[in-house]
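Shown next: protein_19.txt, containing compact mmCIF, C-alpha atoms (C1' of nucleotides) and all ligand atoms.
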# COMPACT_ATOMS: atom_id res chain seq x y z
CA MET A 275 9.67 4.28 13.16
CA ASN A 276 7.19 1.72 11.96
CA LEU A 277 3.72 3.03 12.53
CA LEU A 278 2.18 -0.10 11.08
CA THR A 279 2.47 -3.81 11.59
CA ARG A 280 1.76 -6.42 8.98
CA ASN A 281 -1.46 -7.26 10.74
CA THR A 282 -2.79 -3.81 10.04
CA ASP A 283 -1.37 -3.72 6.56
CA TYR A 284 -2.93 -7.04 5.63
CA ALA A 285 -6.23 -5.96 7.11
CA VAL A 286 -6.26 -2.85 4.98
CA ARG A 287 -5.47 -4.75 1.82
CA ALA A 288 -8.06 -7.35 2.58
CA LEU A 289 -10.73 -4.78 3.30
CA ILE A 290 -10.00 -2.88 0.12
CA HIS A 291 -10.14 -6.06 -1.87
CA MET A 292 -13.39 -7.09 -0.26
CA ALA A 293 -14.91 -3.72 -0.89
CA GLY A 294 -14.13 -4.21 -4.56
CA LYS A 295 -15.80 -7.63 -4.63
CA ALA A 296 -18.79 -6.72 -2.47
CA PRO A 297 -21.36 -7.99 -1.87
CA GLU A 298 -19.66 -11.23 -2.87
CA ARG A 299 -18.28 -13.37 -0.08
CA VAL A 300 -14.52 -13.64 0.13
CA SER A 301 -12.70 -16.48 1.85
CA ALA A 302 -9.23 -16.64 3.29
CA ARG A 303 -8.34 -18.84 0.37
CA ASP A 304 -9.45 -16.17 -2.06
CA LEU A 305 -7.26 -13.61 -0.40
CA GLU A 306 -4.29 -15.92 -0.46
CA ARG A 307 -4.77 -16.40 -4.17
CA ASP A 308 -5.55 -12.81 -5.13
CA LEU A 309 -3.32 -10.86 -2.77
CA GLU A 310 -0.63 -13.44 -2.09
CA LEU A 311 -0.91 -13.14 1.65
CA PRO A 312 -0.18 -16.08 3.96
CA ARG A 313 -3.47 -17.80 4.53
CA PRO A 314 -3.22 -19.00 8.14
CA PHE A 315 -2.13 -15.58 9.26
CA MET A 316 -4.90 -13.93 7.30
CA ARG A 317 -7.41 -16.13 9.01
CA LYS A 318 -6.41 -14.77 12.37
CA THR A 319 -6.63 -11.27 11.03
CA LEU A 320 -10.03 -11.83 9.48
CA GLN A 321 -11.35 -13.38 12.65
CA ALA A 322 -10.24 -10.34 14.57
CA LEU A 323 -12.03 -8.11 12.10
CA GLN A 324 -15.12 -10.24 12.46
CA LYS A 325 -15.07 -10.11 16.23
CA SER A 326 -14.76 -6.36 16.10
CA GLY A 327 -17.77 -6.05 13.85
CA TYR A 328 -16.09 -5.06 10.63
CA LEU A 329 -16.87 -8.32 8.90
CA ALA A 330 -19.64 -10.89 8.90
CA SER A 331 -18.62 -14.48 8.52
CA ALA A 332 -20.30 -17.50 7.01
CA LYS A 333 -19.15 -20.96 7.87
CA GLY A 334 -19.34 -24.03 5.75
CA LYS A 335 -18.81 -24.55 2.07
CA ASN A 336 -18.79 -21.33 0.06
CA GLY A 337 -18.36 -19.57 3.33
CA GLY A 338 -16.21 -16.55 3.86
CA PHE A 339 -16.41 -12.97 4.93
CA THR A 340 -18.32 -9.94 3.85
CA LEU A 341 -18.04 -6.29 4.75
CA VAL A 342 -20.49 -5.04 7.31
CA LEU A 343 -19.51 -1.44 7.78
CA PRO A 344 -19.49 1.05 4.93
CA VAL A 345 -15.96 1.75 3.82
CA GLU A 346 -16.25 5.39 4.82
CA LYS A 347 -16.69 4.31 8.40
CA ILE A 348 -13.60 2.13 8.65
CA ARG A 349 -10.86 4.35 9.97
CA LEU A 350 -7.21 3.51 9.83
CA ALA A 351 -6.88 4.77 13.39
CA ASP A 352 -9.30 2.14 14.58
CA LEU A 353 -7.61 -0.66 12.71
CA ILE A 354 -4.31 0.33 14.24
CA ALA A 355 -5.91 0.40 17.65
CA LEU A 356 -7.31 -3.04 17.03
CA PHE A 357 -4.11 -4.69 15.92
CA GLN A 358 -1.47 -2.65 17.66
CA GLY A 359 -3.16 -1.22 20.70
CA PRO A 360 -4.19 2.39 21.22
CA VAL A 361 -2.27 4.92 19.19
CA SER A 362 -1.78 7.20 22.12
CA MET A 363 -0.92 5.39 25.27
CA GLY A 364 -1.36 6.00 28.91
CA ASP A 365 0.47 8.40 31.10
CA CYS A 366 3.91 6.97 30.91
CA LEU A 367 5.88 6.66 27.72
CA PHE A 368 6.86 3.19 28.77
CA ARG A 369 3.65 1.59 29.90
CA LYS A 370 3.82 -0.96 32.70
CA LYS A 371 4.51 0.49 36.10
CA LEU A 372 4.72 4.13 35.29
CA CYS A 373 8.10 5.50 36.07
CA GLU A 374 8.77 8.03 38.80
CA CYS A 375 9.59 10.84 36.45
CA VAL A 376 6.03 11.02 35.28
CA LYS A 377 5.65 14.49 36.65
CA THR A 378 8.96 15.85 35.50
CA CYS A 379 9.43 13.81 32.37
CA PRO A 380 10.42 16.34 29.75
CA LEU A 381 9.68 14.13 26.81
CA ARG A 382 6.17 13.19 27.71
CA ARG A 383 4.59 16.40 26.59
CA GLU A 384 6.34 16.48 23.25
CA ILE A 385 5.69 12.89 22.38
CA LYS A 386 2.06 13.10 23.35
CA GLN A 387 1.71 16.09 21.10
CA ILE A 388 3.08 14.16 18.15
CA GLU A 389 0.87 11.22 18.93
CA ALA A 390 -2.10 13.52 18.94
CA MET A 391 -1.19 14.90 15.54
CA ALA A 392 -0.74 11.43 14.15
CA LEU A 393 -4.01 10.29 15.61
CA ALA A 394 -5.87 13.22 14.12
CA HIS A 395 -4.46 12.41 10.74
CA LEU A 396 -5.13 8.70 11.03
CA ARG A 397 -8.73 9.32 11.92
CA GLY A 398 -9.19 11.05 8.61
CA VAL A 399 -7.97 8.05 6.66
CA THR A 400 -10.61 5.49 5.83
CA ILE A 401 -10.80 2.50 3.57
CA ALA A 402 -12.88 4.67 1.31
CA SER A 403 -10.27 7.39 1.14
CA LEU A 404 -7.57 4.83 0.47
CA MET A 405 -9.52 3.42 -2.43
CA LYS A 406 -9.59 6.76 -4.22
CA ARG A 407 -6.17 6.31 -5.81
CA MET B 1443 2.90 3.41 19.12
CA ASN B 1444 6.14 3.88 20.99
CA LEU B 1445 8.07 6.61 19.28
CA LEU B 1446 10.91 6.27 21.73
CA THR B 1447 13.10 3.53 23.07
CA ARG B 1448 14.82 3.56 26.44
CA ASN B 1449 18.09 4.24 24.73
CA THR B 1450 16.82 7.56 23.51
CA ASP B 1451 15.04 8.33 26.72
CA TYR B 1452 18.11 7.68 28.80
CA ALA B 1453 20.23 9.74 26.45
CA VAL B 1454 17.91 12.69 26.82
CA ARG B 1455 17.89 12.49 30.57
CA ALA B 1456 21.64 12.14 30.70
CA LEU B 1457 22.19 15.08 28.40
CA ILE B 1458 19.87 17.30 30.39
CA HIS B 1459 21.59 16.31 33.58
CA MET B 1460 25.01 16.96 32.13
CA ALA B 1461 23.95 20.31 30.81
CA GLY B 1462 23.00 21.24 34.35
CA LYS B 1463 26.34 20.17 35.71
CA ALA B 1464 28.47 21.58 32.92
CA PRO B 1465 31.31 22.14 32.56
CA GLU B 1466 31.85 19.51 35.22
CA ARG B 1467 32.65 16.03 34.06
CA VAL B 1468 29.99 13.41 34.66
CA SER B 1469 30.69 9.69 34.84
CA ALA B 1470 28.42 6.75 34.27
CA ARG B 1471 28.56 6.15 37.98
CA ASP B 1472 27.31 9.65 38.65
CA LEU B 1473 24.36 9.12 36.38
CA GLU B 1474 23.54 5.83 38.03
CA ARG B 1475 23.50 7.57 41.39
CA ASP B 1476 21.70 10.73 40.38
CA LEU B 1477 19.22 9.47 37.82
CA GLU B 1478 18.92 5.85 38.89
CA LEU B 1479 19.64 4.48 35.48
CA PRO B 1480 21.35 1.10 35.00
CA ARG B 1481 25.03 1.85 34.73
CA PRO B 1482 26.25 -0.75 32.22
CA PHE B 1483 23.51 0.19 29.84
CA MET B 1484 24.21 3.87 30.28
CA ARG B 1485 27.82 3.27 29.38
CA LYS B 1486 26.84 1.93 26.01
CA THR B 1487 24.57 4.88 25.48
CA LEU B 1488 27.21 7.39 26.50
CA GLN B 1489 29.78 5.78 24.26
CA ALA B 1490 27.40 6.07 21.36
CA LEU B 1491 26.90 9.74 22.13
CA GLN B 1492 30.64 10.20 22.29
CA LYS B 1493 31.24 8.48 18.97
CA SER B 1494 28.65 10.68 17.37
CA GLY B 1495 30.30 13.82 18.63
CA TYR B 1496 27.82 14.88 21.26
CA LEU B 1497 30.13 14.13 24.16
CA ALA B 1498 33.82 14.26 24.89
CA SER B 1499 35.23 11.54 27.09
CA ALA B 1500 38.08 11.41 29.55
CA LYS B 1501 39.50 8.12 30.64
CA GLY B 1502 41.11 7.29 33.92
CA LYS B 1503 40.31 8.33 37.45
CA ASN B 1504 37.97 11.28 37.65
CA GLY B 1505 37.21 10.66 34.05
CA GLY B 1506 33.79 10.93 32.52
CA PHE B 1507 31.93 12.79 29.87
CA THR B 1508 31.29 16.40 29.03
CA LEU B 1509 28.97 18.05 26.59
CA VAL B 1510 30.56 19.19 23.38
CA LEU B 1511 27.63 20.59 21.43
CA PRO B 1512 25.53 23.46 22.71
CA VAL B 1513 22.19 22.20 23.96
CA GLU B 1514 20.33 24.18 21.32
CA LYS B 1515 22.01 22.11 18.64
CA ILE B 1516 21.06 18.72 20.01
CA ARG B 1517 17.84 17.74 18.31
CA LEU B 1518 15.57 15.00 19.46
CA ALA B 1519 15.19 13.93 15.85
CA ASP B 1520 18.90 13.25 15.64
CA LEU B 1521 19.00 11.31 18.88
CA ILE B 1522 16.17 9.15 17.66
CA ALA B 1523 17.98 8.61 14.40
CA LEU B 1524 21.09 7.63 16.30
CA PHE B 1525 19.47 5.11 18.59
CA GLN B 1526 16.51 3.90 16.60
CA GLY B 1527 17.43 4.43 13.00
CA PRO B 1528 16.06 7.10 10.69
CA VAL B 1529 12.63 8.43 11.55
CA SER B 1530 11.37 8.19 8.03
CA MET B 1531 12.34 5.05 6.27
CA GLY B 1532 12.96 4.02 2.74
CA ASP B 1533 10.40 3.41 0.07
CA CYS B 1534 8.66 0.43 1.51
CA LEU B 1535 6.81 0.46 4.78
CA PHE B 1536 8.38 -2.84 5.62
CA ARG B 1537 12.04 -2.39 4.79
CA LYS B 1538 13.96 -5.43 3.65
CA LYS B 1539 13.09 -6.53 0.15
CA LEU B 1540 10.61 -3.94 -0.81
CA CYS B 1541 7.31 -5.50 -1.53
CA GLU B 1542 5.71 -5.62 -4.92
CA CYS B 1543 2.93 -3.27 -4.04
CA VAL B 1544 5.31 -0.38 -3.78
CA LYS B 1545 3.64 1.37 -6.67
CA THR B 1546 0.09 0.70 -5.69
CA CYS B 1547 0.48 0.61 -1.92
CA PRO B 1548 -2.35 2.76 -0.64
CA LEU B 1549 -0.89 3.19 2.80
CA ARG B 1550 2.52 4.37 1.82
CA ARG B 1551 1.53 7.91 1.02
CA GLU B 1552 -0.46 8.42 4.20
CA ILE B 1553 2.14 6.99 6.49
CA LYS B 1554 4.94 8.94 4.89
CA GLN B 1555 2.95 12.07 5.40
CA ILE B 1556 2.61 11.38 9.08
CA GLU B 1557 6.25 10.55 9.38
CA ALA B 1558 7.08 13.85 7.77
CA MET B 1559 4.90 15.73 10.23
CA ALA B 1560 6.48 13.92 13.14
CA LEU B 1561 9.95 14.55 11.83
CA ALA B 1562 9.28 18.25 11.43
CA HIS B 1563 8.10 18.42 14.98
CA LEU B 1564 10.97 16.38 16.35
CA ARG B 1565 13.48 18.61 14.66
CA GLY B 1566 12.13 21.53 16.62
CA VAL B 1567 12.71 19.80 19.93
CA THR B 1568 16.17 20.24 21.38
CA ILE B 1569 17.76 19.54 24.72
CA ALA B 1570 17.56 23.26 25.30
CA SER B 1571 13.86 23.39 24.61
CA LEU B 1572 13.27 20.43 26.87
CA MET B 1573 15.12 22.13 29.70
CA LYS B 1574 12.79 25.11 29.66
CA ARG B 1575 10.19 23.50 31.87
C1' DT C 312 54.71 2.87 42.10
C1' DT C 313 50.83 0.84 43.14
C1' DT C 314 45.95 1.16 43.04
C1' DA C 315 41.31 2.44 42.14
C1' DA C 316 38.34 4.53 39.01
C1' DA C 317 37.18 5.54 34.72
C1' DT C 318 36.31 4.68 29.47
C1' DG C 319 36.77 1.58 24.89
C1' DA C 320 35.36 -2.29 22.84
C1' DT C 321 32.82 -6.18 22.50
C1' DA C 322 30.49 -10.31 23.54
C1' DC C 323 26.88 -12.22 25.78
C1' DC C 324 22.19 -12.99 27.83
C1' DA C 325 16.98 -12.54 28.74
C1' DT C 326 12.56 -11.03 27.61
C1' DT C 327 9.23 -9.72 24.60
C1' DA C 328 6.65 -8.87 20.45
C1' DA C 329 5.92 -9.76 15.69
C1' DG C 330 5.03 -12.79 12.23
C1' DG C 331 3.65 -17.08 11.08
C1' DT C 332 2.03 -22.19 11.29
C1' DG C 333 -0.84 -26.11 12.72
C1' DT C 334 -4.61 -28.62 14.71
C1' DC C 335 -9.12 -29.90 15.86
C1' DA C 336 -13.87 -29.08 16.27
C1' DT C 337 -17.92 -27.32 13.98
C1' DT C 338 -20.75 -25.73 10.29
C1' DT C 339 -22.81 -26.10 5.72
C1' DG C 340 -23.62 -26.37 0.67
C1' DT C 341 -23.37 -30.00 -2.74
C1' DA D 605 -20.95 -38.55 3.01
C1' DC D 606 -17.74 -35.08 1.86
C1' DA D 607 -15.19 -31.14 1.03
C1' DA D 608 -14.69 -26.47 2.12
C1' DA D 609 -15.08 -23.08 5.08
C1' DT D 610 -14.74 -20.59 9.87
C1' DG D 611 -13.92 -20.68 15.35
C1' DA D 612 -10.82 -21.26 18.71
C1' DC D 613 -6.36 -22.06 20.23
C1' DA D 614 -1.76 -23.69 20.81
C1' DC D 615 2.47 -23.49 19.03
C1' DC D 616 6.80 -21.99 16.80
C1' DT D 617 10.61 -18.85 14.96
C1' DT D 618 12.97 -14.71 14.54
C1' DA D 619 14.48 -10.23 15.64
C1' DA D 620 14.67 -6.25 18.52
C1' DT D 621 14.98 -4.38 22.89
C1' DG D 622 16.93 -3.91 27.24
C1' DG D 623 20.44 -5.21 30.01
C1' DT D 624 24.86 -7.56 31.86
C1' DA D 625 29.68 -8.92 31.92
C1' DT D 626 34.44 -9.00 30.66
C1' DC D 627 38.93 -7.43 29.53
C1' DA D 628 42.12 -4.09 28.06
C1' DT D 629 43.69 0.55 28.58
C1' DT D 630 44.18 5.05 30.59
C1' DT D 631 44.91 8.23 34.36
C1' DA D 632 44.71 10.69 38.81
C1' DA D 633 45.93 10.25 43.21
C1' DA D 634 47.50 7.85 47.60
S1 LIG E 1601 9.30 7.93 30.76
FE1 LIG E 1601 7.62 7.44 32.05
S2 LIG E 1601 6.74 9.39 32.04
FE2 LIG E 1601 8.69 9.90 31.32
S1 LIG E 1602 4.00 -2.28 2.15
FE1 LIG E 1602 5.81 -2.12 0.96
S2 LIG E 1602 5.26 -0.31 -0.11
FE2 LIG E 1602 3.33 -0.88 0.66
Would you kindly transcribe this structure into structure tokens?
Ligand code: FES
Ligand code: FES
Amino acid sequence: MNLLTRNTDYAVRALIHMAGKAPERVSARDLERDLELPRPFMRKTLQALQKSGYLASAKGKNGGFTLVLPVEKIRLADLIALFQGPVSMGDCLFRKKLCECVKTCPLRREIKQIEAMALAHLRGVTIASLMKR
Amino acid sequence: MNLLTRNTDYAVRALIHMAGKAPERVSARDLERDLELPRPFMRKTLQALQKSGYLASAKGKNGGFTLVLPVEKIRLADLIALFQGPVSMGDCLFRKKLCECVKTCPLRREIKQIEAMALAHLRGVTIASLMKR
DNA sequence: TTTAAATGATACCATTAAGGTGTCATTTGT
DNA sequence: ACAAATGACACCTTAATGGTATCATTTAAA
């Protein structure tokens, strides 16, 4: 089924770790050392988080990233949307040129219902809630 | 998110169509004509359904497939399992060599919960229920 | 009895997405 | 000056998905 990609997973781990260290700055190198995640990949992930306003970045020596949003405001649903596209997709189950059956498609309704349930649940999960374990 | 693959989608459409035609035999060629699905791909799908006991096959001229199970017994959850692997996976979110964090993984619990909800829902969806529309 | 139409089995191919690496420019504290 | 960091991209590799093709075998019907 695979609801998550590594991108999202890494982002969550990084954010949790950074929340623990805050307000200290954390660099990609730090994360590689502490969480054993591949650094170059992390960098892409962190940059994405920065562009989306989750993180602030500081260049130069002793640079790195810091959390901007409070952990209660960072929703798993949004991270998934960021790294994997919207949880619930458009009209057709198979995006692109929506297939003819769109009106009669028997599966559409059911799948959309499940997506909605999942989305509701995912919106309730935040970095904060994940840290309470 | 993509809960379905084409395999599963095609299977559902084929099964619904065959239920309508039953007890007539339906060939891959028929499905290509009536549902506009790619024939060679359908054949693979139909063979899989046959091997799993959903369909009976008849070789030779005028051959084809017929439904074996009653439509109320054909669950979407099982079709997904057949074509896409089990809905809910093993211990680790990323199968293969389960990652170290298995004990501490904060996401595991949440995701498994969602999978369970989805699975419950999918078990309630049958070919019969899909036809009532 | 020949032939056409069907499945069984399997191998192959093409496209895409995921996961990951590498490079170069720029910034900045020491 | 220099090392350490991000910004911005361009790659690369692998696996899964979606789809095609081939050959053998079976069977109804002309
Ligand atoms: S698959 Fe496109 S709407 Fe049914
Ligand atoms: S990702 Fe493997 S269990 Fe958390």
Please return, as an NGL selection string, all residues of chain B lying within 8 Å of chain D when only C-alpha atoms (C1' of nucleotides) are considered.
-> :B and (1448 or 1482-1483 or 1501-1504)
Could you list, as a count of residues only, every residue of chain C that has an atom within 12 Å of an atom of chain A, counting all atoms listed in the file?
-> 12
Selection as a PyMOL selection string: residues within 12 Å of (-19.5, 4.5, 4.6), counting all atoms listed in the file = chain A and resi 293+328+341-349+400-403
Pick from A:Leu277, A:Leu309, A:Ile290, A:Ala351: nearest to Ile1556 in chain B, with only C-alpha atoms counted?
->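 Among the listed residues, the smallest separation from Ile1556 in chain B belongs to A:Leu277.
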Atom-to-atom span, CA of Asn276 in chain A and CA of Ala1490 in chain B, Å |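 Computing it gives 22.7 Å between the two atoms.
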Starting from chain A, keep only residues with some atom at most 7 Å from an atom of chain B, counting all atoms listed in the file, and report them as a ChimeraX atom specification.
-> /A:275,277,361-362,380,388,392,404
Restricting the output to C-alpha atoms, write the selected residues as a compact mmCIF listing (two decimals), in the frame of the given file.
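out30.txt, freshly written:
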# COMPACT_ATOMS: atom_id res chain seq x y z
CA MET A 275 9.67 4.28 13.16
CA LEU A 277 3.72 3.03 12.53
CA VAL A 361 -2.27 4.92 19.19
CA SER A 362 -1.78 7.20 22.12
CA PRO A 380 10.42 16.34 29.75
CA ILE A 388 3.08 14.16 18.15
CA ALA A 392 -0.74 11.43 14.15
CA LEU A 404 -7.57 4.83 0.47
For the atom pair CA of Gly294 in chain A and atom S2 of ligand LIG 1602 (chain E), what is the interatomic distance in Å to one decimal place?
->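 CA of Gly294 in chain A sits 20.3 Å away from atom S2 of ligand LIG 1602 (chain E).
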Calculate, to one decimal in Å, the centre and edge lengths of the box along x, y and z of the file that holds all listed atoms of ligand LIG 1601 (chain E) with 5 Å of margin on each side, and present them as lines of an AutoDock Vina configuration file.
center_x = 8.0
center_y = 8.7
center_z = 31.4
size_x = 12.6
size_y = 12.5
size_z = 11.3
Å distance separating CA of Phe1507 in chain B from CA of Leu1473 in chain B, one decimal place =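 Going from CA of Phe1507 in chain B over to CA of Leu1473 in chain B, I get 10.6 Å.
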